[in-house]
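Next comes structure-v8.txt, a file with compact mmCIF, C-alpha atoms and all ligand atoms.
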# COMPACT_ATOMS: atom_id res chain seq x y z
CA MET A 1 4.22 -14.47 -35.28
CA THR A 2 0.53 -14.61 -34.52
CA ARG A 3 -1.55 -12.17 -32.57
CA PRO A 4 -2.33 -13.60 -29.13
CA PRO A 5 -5.98 -14.29 -28.39
CA LEU A 6 -5.96 -11.82 -25.51
CA PRO A 7 -4.90 -8.18 -25.14
CA LEU A 8 -1.35 -8.02 -23.82
CA THR A 9 -2.53 -6.37 -20.60
CA VAL A 10 -4.59 -9.46 -19.81
CA LEU A 11 -1.95 -11.85 -21.07
CA PHE A 12 0.78 -10.23 -18.94
CA ALA A 13 -1.43 -10.37 -15.85
CA MET A 14 -1.95 -14.08 -16.45
CA ILE A 15 1.72 -14.82 -17.01
CA VAL A 16 2.91 -12.76 -14.07
CA SER A 17 0.33 -14.29 -11.78
CA THR A 18 1.93 -17.68 -12.18
CA THR A 19 5.41 -18.79 -13.06
CA ALA A 20 4.81 -22.47 -12.44
CA CYS A 21 5.66 -24.52 -15.48
CA ASP A 22 2.65 -26.77 -15.05
CA SER A 23 0.13 -24.00 -14.45
CA GLY A 24 -1.51 -24.71 -17.78
CA ILE A 25 -2.94 -21.21 -18.09
CA LEU A 26 -1.66 -20.88 -21.61
CA GLY A 27 -2.17 -24.45 -22.65
CA GLU A 28 0.34 -27.22 -23.20
CA GLU A 29 2.77 -25.01 -25.09
CA SER A 30 3.32 -22.76 -22.09
CA SER A 31 5.89 -25.01 -20.46
CA CYS A 32 9.22 -23.53 -19.44
CA PRO A 33 12.11 -24.00 -21.83
CA GLU A 34 13.90 -27.22 -21.06
CA ASP A 35 16.90 -27.14 -23.33
CA GLU A 36 20.01 -25.32 -22.39
CA PRO A 37 20.83 -22.72 -25.04
CA SER A 38 23.84 -23.62 -27.13
CA THR A 39 24.77 -20.23 -28.46
CA GLU A 40 25.46 -18.26 -25.30
CA THR A 41 29.13 -17.35 -24.76
CA SER A 42 29.64 -14.78 -22.06
CA SER A 43 33.19 -15.29 -20.89
CA GLN A 44 35.34 -12.15 -20.95
CA THR A 45 38.98 -11.45 -20.12
CA ARG A 46 40.26 -7.99 -19.23
CA ASP A 47 43.49 -6.49 -18.03
CA ILE A 48 42.63 -4.32 -15.04
CA TYR A 49 44.88 -1.85 -13.26
CA VAL A 50 44.66 -1.90 -9.47
CA VAL A 51 45.49 0.85 -7.01
CA GLN A 52 49.01 0.12 -5.77
CA ALA A 53 48.14 0.37 -2.06
CA GLU A 54 45.23 -2.03 -2.43
CA TYR A 55 47.39 -4.45 -4.39
CA GLU A 56 50.14 -4.37 -1.77
CA ASP A 57 47.61 -4.88 1.02
CA ALA A 58 46.40 -8.01 -0.74
CA LEU A 59 49.88 -9.60 -0.97
CA ASP A 60 50.70 -12.40 1.45
CA GLU A 61 53.72 -12.51 3.76
CA GLU A 62 55.98 -13.69 0.93
CA GLY A 63 54.84 -10.83 -1.24
CA VAL A 64 52.77 -13.08 -3.48
CA LEU A 65 49.23 -12.45 -4.58
CA SER A 66 47.28 -15.62 -3.80
CA ALA A 67 44.67 -16.90 -6.22
CA ASP A 68 41.87 -16.00 -3.83
CA ALA A 69 43.21 -12.47 -3.26
CA CYS A 70 43.64 -12.02 -7.00
CA MET A 71 40.04 -13.10 -7.64
CA ALA A 72 38.82 -10.78 -4.88
CA LEU A 73 40.57 -7.81 -6.48
CA CYS A 74 39.13 -8.71 -9.87
CA LYS A 75 35.69 -8.80 -8.35
CA ALA A 76 36.17 -5.42 -6.72
CA TYR A 77 37.44 -3.76 -9.90
CA TRP A 78 35.22 -5.40 -12.52
CA GLN A 79 32.67 -2.67 -13.19
CA ASP A 80 30.67 -2.12 -16.29
CA ASP A 81 27.22 -2.55 -17.69
CA VAL A 82 26.77 -6.21 -16.87
CA ASP A 83 24.01 -7.19 -14.53
CA SER A 84 25.92 -9.99 -12.96
CA PHE A 85 29.32 -11.49 -13.29
CA SER A 86 31.29 -14.28 -11.77
CA ILE A 87 35.07 -14.07 -11.71
CA THR A 88 36.40 -17.37 -12.99
CA ASP A 89 40.15 -16.79 -13.16
CA CYS A 90 42.80 -14.23 -12.28
CA THR A 91 46.46 -13.89 -13.15
CA ASP A 92 48.83 -11.30 -11.76
CA VAL A 93 50.47 -9.78 -14.85
CA THR A 94 52.10 -6.86 -13.09
CA VAL A 95 55.21 -5.59 -14.85
CA ASP A 96 55.66 -2.26 -13.10
CA ALA A 97 55.16 -2.47 -9.31
CA ALA A 98 53.84 1.08 -9.35
CA GLU A 99 51.05 0.01 -11.69
CA PRO A 100 49.82 -3.42 -10.63
CA MET A 101 47.78 -5.13 -13.29
CA LEU A 102 45.62 -8.25 -13.21
CA SER A 103 44.27 -10.34 -16.05
CA CYS A 104 40.71 -11.08 -14.95
CA GLU A 105 38.37 -13.57 -16.53
CA ALA A 106 34.65 -13.59 -15.79
CA ASP A 107 31.39 -15.05 -16.93
CA VAL A 108 29.05 -12.14 -17.51
CA THR A 109 25.30 -11.88 -17.89
CA ARG A 110 23.66 -8.96 -19.58
CA TRP A 111 20.14 -7.76 -19.16
CA LEU A 112 18.72 -7.21 -22.61
CA CYS A 113 15.92 -5.32 -24.16
CA GLU A 114 15.06 -2.55 -21.78
CA GLY A 115 13.29 -0.19 -24.08
CA ARG A 116 13.06 -0.04 -27.82
CA ALA A 117 16.26 0.27 -29.81
CA HIS A 118 16.67 1.70 -33.29
CA GLU A 119 19.40 1.57 -35.88
CA ALA A 120 19.80 5.35 -35.60
CA VAL A 121 20.26 5.32 -31.84
CA GLY A 122 23.52 4.34 -30.18
CA ARG A 123 23.37 1.40 -27.83
CA GLN A 124 24.43 1.57 -24.22
CA GLU A 125 27.91 0.18 -23.78
CA ARG A 126 28.89 1.17 -20.28
CA VAL A 127 27.26 2.24 -17.05
CA TRP A 128 28.76 2.87 -13.66
CA GLY A 129 27.43 2.60 -10.15
CA PRO A 130 28.36 1.33 -6.71
CA THR A 131 25.70 -1.39 -6.67
CA ALA A 132 23.92 -3.73 -9.05
CA GLU A 133 20.77 -1.67 -8.45
CA ALA A 134 22.50 1.55 -9.43
CA ARG A 135 23.91 0.00 -12.61
CA TRP A 136 20.57 -1.54 -13.58
CA LEU A 137 18.82 1.80 -13.06
CA ALA A 138 21.49 3.66 -15.03
CA ARG A 139 21.21 1.24 -17.92
CA ALA A 140 17.42 1.36 -17.83
CA THR A 141 17.54 5.16 -17.84
CA HIS A 142 19.75 5.15 -20.90
CA ALA A 143 17.47 2.65 -22.63
CA GLU A 144 14.36 4.68 -21.87
CA ALA A 145 15.94 7.92 -23.04
CA SER A 146 17.25 6.20 -26.19
CA SER A 147 13.74 4.96 -26.88
CA VAL A 148 12.60 8.57 -27.27
CA GLY A 149 14.82 8.95 -30.30
CA ALA A 150 13.93 5.47 -31.52
CA PHE A 151 10.22 6.24 -31.57
CA LEU A 152 10.60 9.68 -33.14
CA THR A 153 12.82 8.24 -35.86
CA LEU A 154 10.39 5.37 -36.34
CA ALA A 155 7.54 7.86 -36.79
CA ARG A 156 9.45 9.62 -39.56
CA GLU A 157 10.18 6.30 -41.24
CA LEU A 158 6.56 5.27 -41.04
CA GLU A 159 5.58 8.52 -42.72
CA ALA A 160 8.06 7.77 -45.50
CA HIS A 161 6.46 4.35 -45.97
CA ASP A 162 2.93 5.83 -46.06
CA ALA A 163 1.92 3.98 -42.92
CA PRO A 164 -1.50 4.61 -41.37
CA GLN A 165 -1.63 7.85 -39.41
CA ASP A 166 -2.70 5.91 -36.33
CA LEU A 167 0.63 4.06 -36.20
CA ILE A 168 2.58 7.28 -36.70
CA ASP A 169 0.64 9.07 -33.95
CA ARG A 170 1.12 6.17 -31.55
CA ALA A 171 4.86 6.11 -32.21
CA ARG A 172 5.08 9.83 -31.36
CA ALA A 173 2.93 9.32 -28.25
CA ALA A 174 5.25 6.49 -27.19
CA ALA A 175 8.19 8.87 -27.43
CA MET A 176 6.46 11.12 -24.89
CA ASP A 177 6.00 8.12 -22.59
CA GLU A 178 9.69 7.32 -22.85
CA ILE A 179 10.64 10.84 -21.83
CA ALA A 180 8.71 10.35 -18.61
CA HIS A 181 10.26 6.91 -18.06
CA GLY A 182 13.73 8.31 -18.53
CA GLN A 183 13.08 11.10 -16.06
CA THR A 184 11.60 8.78 -13.45
CA LEU A 185 14.30 6.13 -13.67
CA GLY A 186 16.99 8.78 -14.04
CA ALA A 187 16.02 10.23 -10.68
CA LEU A 188 16.22 6.78 -9.10
CA ALA A 189 19.56 6.08 -10.80
CA ARG A 190 21.08 9.36 -9.59
CA GLU A 191 19.83 8.66 -6.09
CA ALA A 192 21.57 5.28 -6.21
CA GLY A 193 24.78 6.74 -7.66
CA GLY A 194 24.39 5.25 -11.13
CA ARG A 195 25.75 6.93 -14.24
CA CYS A 196 25.59 6.14 -17.93
CA GLN A 197 27.09 7.34 -21.18
CA PRO A 198 25.53 10.22 -23.12
CA LEU A 199 22.91 9.44 -25.71
CA VAL A 200 24.00 9.14 -29.32
CA PHE A 201 21.49 9.81 -32.08
CA GLY A 202 22.21 9.39 -35.77
CA ASP A 203 20.34 10.40 -38.90
CA THR A 204 17.07 8.79 -39.86
CA PRO A 205 18.05 5.93 -42.16
CA GLU A 206 16.46 5.26 -45.51
CA ARG A 207 15.47 1.67 -45.06
CA SER A 208 13.33 -0.85 -46.80
CA LEU A 209 10.07 -1.88 -45.22
CA GLU A 210 11.60 -5.30 -44.62
CA ALA A 211 14.47 -3.78 -42.64
CA LEU A 212 12.02 -1.76 -40.60
CA ALA A 213 9.87 -4.85 -40.03
CA ILE A 214 12.85 -6.91 -38.90
CA GLU A 215 13.91 -4.25 -36.42
CA ASN A 216 10.36 -3.94 -35.15
CA ALA A 217 10.08 -7.71 -34.74
CA VAL A 218 13.39 -8.02 -32.90
CA GLU A 219 13.44 -4.85 -30.83
CA ALA A 220 9.76 -4.45 -30.10
CA CYS A 221 7.78 -7.65 -30.67
CA VAL A 222 10.45 -9.50 -28.70
CA GLY A 223 12.53 -6.99 -26.73
CA GLU A 224 10.07 -4.32 -25.75
CA THR A 225 7.35 -6.89 -25.17
CA TRP A 226 9.66 -8.74 -22.81
CA SER A 227 10.47 -5.45 -21.06
CA ALA A 228 6.77 -4.77 -20.65
CA LEU A 229 6.27 -8.15 -19.03
CA VAL A 230 9.24 -7.64 -16.72
CA ALA A 231 7.91 -4.23 -15.69
CA SER A 232 4.56 -5.88 -15.00
CA TRP A 233 6.37 -8.34 -12.76
CA GLN A 234 8.24 -5.55 -10.99
CA ALA A 235 4.98 -3.68 -10.44
CA ILE A 236 3.94 -6.54 -8.18
CA HIS A 237 7.23 -7.75 -6.73
CA ALA A 238 9.22 -4.56 -6.08
CA PRO A 239 9.74 -4.15 -2.34
CA SER A 240 8.44 -0.61 -1.88
CA GLU A 241 5.23 1.16 -2.78
CA GLU A 242 7.24 3.83 -4.61
CA LEU A 243 8.93 1.26 -6.85
CA ARG A 244 5.74 -0.72 -7.44
CA SER A 245 3.98 2.49 -8.46
CA THR A 246 6.87 3.47 -10.74
CA PHE A 247 6.98 0.13 -12.50
CA SER A 248 3.20 -0.08 -12.69
CA LYS A 249 3.13 3.13 -14.71
CA ILE A 250 6.02 1.98 -16.90
CA ALA A 251 4.39 -1.43 -17.40
CA SER A 252 1.16 0.17 -18.53
CA ASP A 253 2.96 2.34 -21.08
CA GLU A 254 5.30 -0.41 -22.28
CA THR A 255 2.39 -2.78 -22.78
CA ARG A 256 0.82 -0.15 -25.02
CA HIS A 257 4.11 0.09 -26.93
CA ALA A 258 4.15 -3.68 -27.31
CA GLU A 259 0.64 -3.52 -28.77
CA LEU A 260 1.87 -0.85 -31.17
CA ALA A 261 4.69 -3.18 -32.18
CA ARG A 262 2.26 -5.95 -33.00
CA ASP A 263 0.01 -3.66 -35.01
CA LEU A 264 3.02 -2.31 -36.87
CA HIS A 265 4.15 -5.88 -37.48
CA ALA A 266 0.77 -6.86 -38.92
CA TRP A 267 0.71 -3.81 -41.19
CA ALA A 268 4.23 -4.40 -42.47
CA MET A 269 3.83 -8.15 -43.00
CA ASP A 270 0.75 -7.52 -45.14
CA ARG A 271 2.96 -5.56 -47.50
CA LEU A 272 5.90 -7.95 -47.70
CA ASP A 273 6.20 -10.96 -49.96
CA ALA A 274 6.50 -14.47 -48.57
CA ASP A 275 10.32 -14.54 -48.67
CA ALA A 276 10.59 -11.28 -46.76
CA GLN A 277 7.98 -12.43 -44.27
CA GLY A 278 10.10 -15.54 -43.69
CA ARG A 279 13.17 -13.44 -42.99
CA VAL A 280 11.26 -11.29 -40.51
CA HIS A 281 9.95 -14.39 -38.78
CA ALA A 282 13.44 -15.93 -38.66
CA ALA A 283 14.88 -12.75 -37.16
CA ALA A 284 12.24 -12.76 -34.45
CA GLU A 285 12.85 -16.42 -33.64
CA ALA A 286 16.58 -15.75 -33.38
CA ALA A 287 15.86 -12.83 -31.04
CA TRP A 288 13.78 -15.09 -28.80
CA ASP A 289 16.61 -17.63 -28.76
CA ARG A 290 19.12 -14.93 -27.80
CA LEU A 291 16.85 -13.62 -25.08
CA VAL A 292 16.38 -17.07 -23.57
CA ALA A 293 20.11 -17.72 -23.79
CA HIS A 294 20.92 -14.50 -21.97
CA LEU A 295 18.36 -15.20 -19.29
CA HIS A 296 20.05 -18.44 -18.32
CA GLY A 297 22.02 -17.51 -15.25
CA PHE A 298 20.52 -14.03 -15.10
CA ASP A 299 21.08 -12.54 -11.69
CA GLY A 300 19.44 -9.11 -11.73
CA PRO A 301 18.83 -7.23 -8.50
CA THR A 302 15.66 -8.62 -6.95
CA SER A 303 15.67 -5.53 -4.73
CA LEU A 304 14.14 -3.82 -7.77
CA GLY A 305 11.51 -6.51 -8.06
CA LEU A 306 13.23 -8.30 -10.94
CA PRO A 307 12.52 -12.00 -11.31
CA GLU A 308 14.85 -14.72 -10.08
CA PRO A 309 16.63 -16.61 -12.88
CA ASP A 310 14.21 -19.54 -12.87
CA GLN A 311 11.30 -17.14 -12.77
CA ALA A 312 12.70 -15.15 -15.70
CA LEU A 313 12.99 -18.33 -17.75
CA ALA A 314 9.45 -19.35 -16.86
CA LEU A 315 8.18 -15.89 -17.80
CA VAL A 316 9.95 -15.77 -21.14
CA GLY A 317 8.85 -19.34 -21.92
CA ALA A 318 5.22 -18.48 -21.26
CA LEU A 319 5.47 -15.22 -23.20
CA ARG A 320 7.10 -16.82 -26.23
CA ALA A 321 4.55 -19.60 -26.29
CA ALA A 322 1.76 -17.06 -26.19
CA VAL A 323 2.91 -14.45 -28.69
CA ALA A 324 5.67 -15.85 -30.92
FE FE B 401 9.92 2.94 -21.57
FE FE B 402 8.66 1.53 -24.60

What would you get if you wrote out this structure as structure tokens?
Amino acid sequence: MTRPPLPLTVLFAMIVSTTACDSGILGEESSCPEDEPSTETSSQTRDIYVVQAEYEDALDEEGVLSADACMALCKAYWQDDVDSFSITDCTDVTVDAAEPMLSCEADVTRWLCEGRAHEAVGRQERVWGPTAEARWLARATHAEASSVGAFLTLARELEAHDAPQDLIDRARAAAMDEIAHGQTLGALAREAGGRCQPLVFGDTPERSLEALAIENAVEACVGETWSALVASWQAIHAPSEELRSTFSKIASDETRHAELARDLHAWAMDRLDADAQGRVHAAAEAAWDRLVAHLHGFDGPTSLGLPEPDQALALVGALRAAVA
């Protein structure tokens, strides 16, 4: 991973300003990814109970649940933290008529990397909300709030590794930013009817510098940097002034966090031997691959200014070419 020739604020502005594959702003390597990822598997099957009255309403005249009606019920009941899903199959597996149950199969797409994660902080597993916007906001709120704990824990770890005071101070300052992000997005999520699980914080782990560097590379140099770019995109493309202003502030802060990640990366890599550096690099490359794989077919709510799937792939391609 090399430091880009430009500050990330400038780089993000350049990437966001054009998503065309042949724009050439970042040189020949800035082309969009062409190969379909081979590692993405997002098919899920769940048994879902359905309200009896709704099930009976969906039956045809012979009392049979048609394939289309079955799929429609699956679609109505499939709620969780995914950003988009497509029901691919449905089987009526009802045993007790009072408790109708369907076996639903769906292709799901998850939105990754909102905020910085940490080994000591529980990941978001489920969110609820009546709309894709509400669920995205709920998940983002959880990620932002989790990042508070991630940065505070990171600061303590950096102290234990005798890191420069500047890095420690910036990690603590980032935690304050994340509090504000959580509050702002939390208000929007509540307004939209979104809910998420409580935060879970563990103890500060005693980890090697290599483990810390790998997490920083994956969660921050890839994940948080991607989040910063997406927020920069939303700051321009969100449909209302309120949302553009919100994401503009978040983008500014997240870009600073991404710079912190790169400085932390440089500091840590200087202290690791060549084998460990190779493992950090490999972990980052794998994280980029996973991110690209997950962005194929991404269908996040554009009503929040999120990029279309082809735009997201163009953005991540340009970003990876510039900073990886
Ligand atoms: Fe944040
Ligand atoms: Fe952040």

Exercise. To one decimal place, how far is atom CA of Ser245 of chain A from atom CA of His296 of chain A in Å?
Worked result: 28.2 Å

For this session: Please write out the residues within 8 Å of ligand FE 402 (chain B) as a ChimeraX atom specification, counting only C-alpha atoms and all ligand atoms.
Result: /A:115-116,144,147,174-175,177-178,224,228,253-255,257-258

Please list as a short mmCIF file (atom, residue, chain, number, x, y, z; two decimals) with C-alpha atoms, in the coordinates of the input every residue within 8 Å of Ala217 of chain A, counting all atoms listed in the file and excluding residues in the same chain fewer than 6 positions away.
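See result14.cif below for the written result:
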data_model
loop_
_atom_site.label_atom_id
_atom_site.label_comp_id
_atom_site.auth_asym_id
_atom_site.auth_seq_id
_atom_site.Cartn_x
_atom_site.Cartn_y
_atom_site.Cartn_z
CA ALA A 261 4.69 -3.18 -32.18
CA HIS A 265 4.15 -5.88 -37.48
CA VAL A 280 11.26 -11.29 -40.51
CA HIS A 281 9.95 -14.39 -38.78
CA ALA A 283 14.88 -12.75 -37.16
CA ALA A 284 12.24 -12.76 -34.45
#

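Restricting the calculation to all atoms listed in the file, the smallest distance between ligand FE 401 (chain B) and any of A:Ala145, A:Ile236, A:Ala134, A:Val50 is found for A:Ala145.
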
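Checking A:Ala238, A:Ala213, A:Val148, A:Ala312 one by one against ligand FE 401 (chain B), counting all atoms listed in the file, you find the shortest gap at A:Val148.
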
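Among the candidate residues A:Leu209, A:Ala276, A:Ala140, A:Leu199, the one lying nearest to ligand FE 401 (chain B) is A:Ala140, with distances computed using all atoms listed in the file.
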
For this session: Kindly extract all protein, DNA and RNA residues lying within 9 Å of the coordinates (51.7, -9.0, -5.9) given in the file, considering all atoms listed in the file, and supply them as a VMD selection string.
Result: chain A and resid 55 to 56 58 to 60 63 to 66 70 92 94 97 100

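For the set A:Ala220, A:Pro164, A:Glu61, A:Leu137, the residue with the smallest atom-to-atom gap to His181 of chain A is A:Leu137, counting only C-alpha atoms.
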
For this session: Pick out the closest residue to ligand FE 401 (chain B) from this set: A:Ala150, A:Val222, A:Ala293, A:Ala274. Count only C-alpha atoms and all ligand atoms.
Result: A:Ala150

Exercise. Hey, which of A:His142, A:His237, A:Arg207, A:Arg46 ends up closest to ligand FE 401 (chain B)? Count all atoms listed in the file.
Worked result: A:His142

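Atom pair atom CA of Asp107 of chain A / atom CA of Tyr49 of chain A has a distance of 19.2 Å (rounded to one decimal).
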
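Put simply, atom CA of Ala231 of chain A is 8.2 Å away from atom CA of Leu306 of chain A.
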
For this session: Find the residues near Leu167 of chain A: any atom within 10 Å, counting all atoms listed in the file, skip ones fewer than 4 places away on the same chain, and give them as a ChimeraX atom specification.
Result: /A:154-155,158-159,163,171-173,260-261,263-264,267

Emit the selected residues as a compact mmCIF listing (two decimals), in the frame of the given file, including C-alpha atoms.
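Generated output (out31.txt):
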# COMPACT_ATOMS: atom_id res chain seq x y z
CA LEU A 154 10.39 5.37 -36.34
CA ALA A 155 7.54 7.86 -36.79
CA LEU A 158 6.56 5.27 -41.04
CA GLU A 159 5.58 8.52 -42.72
CA ALA A 163 1.92 3.98 -42.92
CA ALA A 171 4.86 6.11 -32.21
CA ARG A 172 5.08 9.83 -31.36
CA ALA A 173 2.93 9.32 -28.25
CA LEU A 260 1.87 -0.85 -31.17
CA ALA A 261 4.69 -3.18 -32.18
CA ASP A 263 0.01 -3.66 -35.01
CA LEU A 264 3.02 -2.31 -36.87
CA TRP A 267 0.71 -3.81 -41.19

Would you mind writing segment 271-297 of chain A with N, CA and C atoms, as a short mmCIF file (atom, residue, chain, number, x, y, z; two decimals), in the coordinates of the input?
data_model
loop_
_atom_site.label_atom_id
_atom_site.label_comp_id
_atom_site.auth_asym_id
_atom_site.auth_seq_id
_atom_site.Cartn_x
_atom_site.Cartn_y
_atom_site.Cartn_z
N ARG A 271 2.39 -6.21 -46.32
CA ARG A 271 2.96 -5.56 -47.50
C ARG A 271 4.24 -6.23 -48.00
N LEU A 272 4.67 -7.25 -47.30
CA LEU A 272 5.90 -7.95 -47.70
C LEU A 272 5.56 -9.25 -48.40
N ASP A 273 6.45 -9.68 -49.31
CA ASP A 273 6.20 -10.96 -49.96
C ASP A 273 6.59 -12.10 -49.01
N ALA A 274 6.33 -13.31 -49.45
CA ALA A 274 6.50 -14.47 -48.57
C ALA A 274 7.96 -14.63 -48.14
N ASP A 275 8.90 -14.39 -49.04
CA ASP A 275 10.32 -14.54 -48.67
C ASP A 275 10.70 -13.54 -47.58
N ALA A 276 10.27 -12.30 -47.76
CA ALA A 276 10.59 -11.28 -46.76
C ALA A 276 9.90 -11.59 -45.43
N GLN A 277 8.68 -12.05 -45.50
CA GLN A 277 7.98 -12.43 -44.27
C GLN A 277 8.77 -13.52 -43.53
N GLY A 278 9.31 -14.46 -44.30
CA GLY A 278 10.10 -15.54 -43.69
C GLY A 278 11.33 -15.01 -42.99
N ARG A 279 11.96 -14.00 -43.61
CA ARG A 279 13.17 -13.44 -42.99
C ARG A 279 12.81 -12.67 -41.71
N VAL A 280 11.69 -11.98 -41.72
CA VAL A 280 11.26 -11.29 -40.51
C VAL A 280 10.98 -12.30 -39.40
N HIS A 281 10.28 -13.35 -39.77
CA HIS A 281 9.95 -14.39 -38.78
C HIS A 281 11.23 -15.02 -38.22
N ALA A 282 12.18 -15.31 -39.11
CA ALA A 282 13.44 -15.93 -38.66
C ALA A 282 14.21 -15.01 -37.73
N ALA A 283 14.18 -13.71 -38.04
CA ALA A 283 14.88 -12.75 -37.16
C ALA A 283 14.25 -12.71 -35.79
N ALA A 284 12.92 -12.77 -35.74
CA ALA A 284 12.24 -12.76 -34.45
C ALA A 284 12.56 -14.03 -33.65
N GLU A 285 12.54 -15.16 -34.32
CA GLU A 285 12.85 -16.42 -33.64
C GLU A 285 14.27 -16.40 -33.07
N ALA A 286 15.19 -15.85 -33.86
CA ALA A 286 16.58 -15.75 -33.38
C ALA A 286 16.66 -14.82 -32.18
N ALA A 287 15.86 -13.76 -32.18
CA ALA A 287 15.86 -12.83 -31.04
C ALA A 287 15.32 -13.52 -29.79
N TRP A 288 14.27 -14.33 -29.97
CA TRP A 288 13.78 -15.09 -28.80
C TRP A 288 14.86 -16.02 -28.28
N ASP A 289 15.56 -16.70 -29.19
CA ASP A 289 16.61 -17.63 -28.76
C ASP A 289 17.70 -16.88 -27.98
N ARG A 290 18.08 -15.70 -28.50
CA ARG A 290 19.12 -14.93 -27.80
C ARG A 290 18.64 -14.49 -26.43
N LEU A 291 17.38 -14.07 -26.37
CA LEU A 291 16.85 -13.62 -25.08
C LEU A 291 16.86 -14.76 -24.07
N VAL A 292 16.40 -15.92 -24.48
CA VAL A 292 16.38 -17.07 -23.57
C VAL A 292 17.80 -17.42 -23.15
N ALA A 293 18.72 -17.39 -24.11
CA ALA A 293 20.11 -17.72 -23.79
C ALA A 293 20.67 -16.77 -22.75
N HIS A 294 20.39 -15.49 -22.91
CA HIS A 294 20.92 -14.50 -21.97
C HIS A 294 20.26 -14.60 -20.61
N LEU A 295 19.05 -15.12 -20.57
CA LEU A 295 18.36 -15.20 -19.29
C LEU A 295 18.82 -16.40 -18.47
N HIS A 296 19.48 -17.35 -19.10
CA HIS A 296 20.05 -18.44 -18.32
C HIS A 296 21.15 -17.86 -17.44
N GLY A 297 21.02 -18.03 -16.17
CA GLY A 297 22.02 -17.51 -15.25
C GLY A 297 21.84 -16.05 -14.92
#
